[in-house]
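Everything on this sheet refers to the single structure shown next.
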Amino acid sequence: MTTIYTLLIVLVAFLVYSVVMWLYQRRIVKTVNQDEFRQGYRKAQLIDVREPNEYEAGHVLGARNIPLSQLKMRKSEIRSDKPVYLYCQNGMRSGRAAQFLHRKGYKDLTQLEGGFKKWTGRIKAKK
């Protein structure tokens with residue numbers, strides 16, 4: 001019986017944590033559709049936070065690749081006084097990147113809804 005209660009407590013704690021993180025992320029990063037993303041990223045820093053092999057397979061034209069796994073070391077490559085547009089494959093890593101950047105003082109953060117897998121705009125890929 002105590003195992004069931006323990007499992008239930010863990011499940012509830014996980015759900016509460018997930019909801020709190022989702023609400024926090026919604027507050028710090030604006031999630032926009034493709035049209036809004038396309039209109040704004042030309043005046044911003046466009047960062048692809050996927051790994052290099054994903055980036056090379058295809059990326060939004062004009063994007064710089066700063067993988068989430070390297071963001072801590074390469075944060076200085078991103079200006080805090082300009083808007084930052086982030087995307088990844090489906091929106092999870094870009095959300096985590098936005099949380100990290102927000103903690104470091106970045107304020108104008110936007111991410112692509114649905115990530116690169118939903119992108120229908122122009123892309124560049126290695127041949």
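By order in the structure tokens, chains are A, B, ...; within a chain, residues start at 1; ligands start at 1, following the order shown.
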
Give me the residues of range 32-105 of chain A that have any atom at most 7 Å from an atom of range 122-125 of chain A; for each, the nearest atom pair and the distance in Å, rounded to one decimal. Use only C-alpha atoms, sort by chain and number, and format it as JSON lines.
```
{"residue": "A:Glu56", "atom": "CA", "partner": "A:Ala125", "partner_atom": "CA", "distance": 5.8}
{"residue": "A:Ala57", "atom": "CA", "partner": "A:Ala125", "partner_atom": "CA", "distance": 5.4}
{"residue": "A:Gly58", "atom": "CA", "partner": "A:Ala125", "partner_atom": "CA", "distance": 4.1}
{"residue": "A:His59", "atom": "CA", "partner": "A:Ile123", "partner_atom": "CA", "distance": 5.3}
{"residue": "A:Val60", "atom": "CA", "partner": "A:Ile123", "partner_atom": "CA", "distance": 4.6}
{"residue": "A:Leu61", "atom": "CA", "partner": "A:Ile123", "partner_atom": "CA", "distance": 4.9}
```

*Which residues come within 10 Å of Ser69 in chain A, counting only C-alpha atoms, excluding same-chain residues fewer than 5 positions away, as a VMD selection string?*
chain A and resid 49 to 51 74 93 97

Take the residues from that selection and write them out as a PDB file, in the first residue's frame, keeping N, CA, C and O atoms.
```pdb
ATOM      1  N   VAL A  49      19.487  25.850 -31.857  1.00  0.00           N
ATOM      2  CA  VAL A  49      20.119  25.214 -30.693  1.00  0.00           C
ATOM      3  C   VAL A  49      20.229  23.699 -30.838  1.00  0.00           C
ATOM      4  O   VAL A  49      20.535  23.000 -29.876  1.00  0.00           O
ATOM      5  N   ARG A  50      20.012  23.185 -32.053  1.00  0.00           N
ATOM      6  CA  ARG A  50      20.178  21.755 -32.298  1.00  0.00           C
ATOM      7  C   ARG A  50      21.663  21.412 -32.417  1.00  0.00           C
ATOM      8  O   ARG A  50      22.509  22.286 -32.535  1.00  0.00           O
ATOM      9  N   GLU A  51      21.959  20.130 -32.412  1.00  0.00           N
ATOM     10  CA  GLU A  51      23.345  19.672 -32.541  1.00  0.00           C
ATOM     11  C   GLU A  51      23.841  19.906 -33.973  1.00  0.00           C
ATOM     12  O   GLU A  51      23.035  20.000 -34.902  1.00  0.00           O
ATOM     13  N   ARG A  74      29.264  29.230 -24.887  1.00  0.00           N
ATOM     14  CA  ARG A  74      29.230  30.139 -26.036  1.00  0.00           C
ATOM     15  C   ARG A  74      28.233  31.287 -25.871  1.00  0.00           C
ATOM     16  O   ARG A  74      27.961  32.006 -26.828  1.00  0.00           O
ATOM     17  N   ARG A  93      14.182  21.983 -26.669  1.00  0.00           N
ATOM     18  CA  ARG A  93      15.518  22.529 -26.378  1.00  0.00           C
ATOM     19  C   ARG A  93      15.536  24.051 -26.459  1.00  0.00           C
ATOM     20  O   ARG A  93      16.220  24.700 -25.673  1.00  0.00           O
ATOM     21  N   ALA A  97      16.845  26.524 -23.659  1.00  0.00           N
ATOM     22  CA  ALA A  97      17.836  27.555 -23.970  1.00  0.00           C
ATOM     23  C   ALA A  97      17.326  28.920 -23.522  1.00  0.00           C
ATOM     24  O   ALA A  97      18.080  29.723 -22.962  1.00  0.00           O
TER      25      ALA A  97
END
```

*Report as a list of chain:residue names: the residues of range 26-79 of chain A with a DSSP assignment of strand (DSSP E or B), based on the backbone of this structure.*
A:Lys30, A:Thr31, A:Val32, A:Gln45, A:Leu46, A:Ile47, A:Asp48, A:His59, A:Val60, A:Arg64, A:Asn65

*Neighbours of range 104-110 of chain A within 6 Å (only C-alpha atoms; same-chain residues fewer than 4 positions away dropped), as a PyMOL selection string?*
chain A and resi 29-31+80+83-85

Selected residues written out, N, CA and C atoms, as a PDB file, in the first residue's frame:
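Printed below is part.pdb as written:
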```pdb
ATOM      1  N   VAL A  29       9.528  33.480 -22.471  1.00  0.00           N
ATOM      2  CA  VAL A  29       9.795  33.363 -23.905  1.00  0.00           C
ATOM      3  C   VAL A  29       8.479  33.415 -24.668  1.00  0.00           C
ATOM      4  N   LYS A  30       8.484  34.211 -25.712  1.00  0.00           N
ATOM      5  CA  LYS A  30       7.295  34.321 -26.557  1.00  0.00           C
ATOM      6  C   LYS A  30       7.368  33.209 -27.602  1.00  0.00           C
ATOM      7  N   THR A  31       6.309  32.402 -27.704  1.00  0.00           N
ATOM      8  CA  THR A  31       6.237  31.349 -28.707  1.00  0.00           C
ATOM      9  C   THR A  31       5.349  31.849 -29.834  1.00  0.00           C
ATOM     10  N   SER A  80      23.021  40.464 -25.539  1.00  0.00           N
ATOM     11  CA  SER A  80      21.852  40.563 -24.660  1.00  0.00           C
ATOM     12  C   SER A  80      21.001  41.795 -24.958  1.00  0.00           C
ATOM     13  N   PRO A  83      17.135  41.333 -29.767  1.00  0.00           N
ATOM     14  CA  PRO A  83      16.212  40.194 -29.670  1.00  0.00           C
ATOM     15  C   PRO A  83      16.886  38.889 -30.089  1.00  0.00           C
ATOM     16  N   VAL A  84      16.489  37.804 -29.439  1.00  0.00           N
ATOM     17  CA  VAL A  84      17.029  36.484 -29.742  1.00  0.00           C
ATOM     18  C   VAL A  84      15.869  35.583 -30.166  1.00  0.00           C
ATOM     19  N   TYR A  85      15.980  35.029 -31.369  1.00  0.00           N
ATOM     20  CA  TYR A  85      14.999  34.084 -31.900  1.00  0.00           C
ATOM     21  C   TYR A  85      15.642  32.705 -31.880  1.00  0.00           C
TER      22      TYR A  85
END
```

*Using backbone DSSP assignments, extract all helix (DSSP H, G or I) residues from range 38-67 of chain A; output them as a VMD selection string.*
chain A and resid 38 to 41 52 to 57

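Distances to Arg103 in chain A were evaluated for A:Lys75, A:Tyr55, A:Val12, A:Lys82 using only C-alpha atoms, and the minimum falls at A:Lys75.
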
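Using only C-alpha atoms for every distance, the candidate list A:Gln34, A:Gln89, A:Gln45, A:Gln70 yields A:Gln89 as the residue closest to Gly115 in chain A.
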
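Considering the residues A:Gly121, A:Val20, A:Arg79, A:Phe14 and counting only C-alpha atoms, Gly62 in chain A has its shortest atom-to-atom contact with A:Gly121.
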
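Taking CA of Glu54 in chain A as the reference point, CA of Ser76 in chain A is found at 22.5 Å.
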
*Excluding Leu68 in chain A and any residue of its chain fewer than 3 positions from it, enumerate the residues within 12 Å of it, using only C-alpha atoms, and give them as an NGL selection string.*
:A and (47-52 or 65 or 71-75 or 86-89 or 91-101)
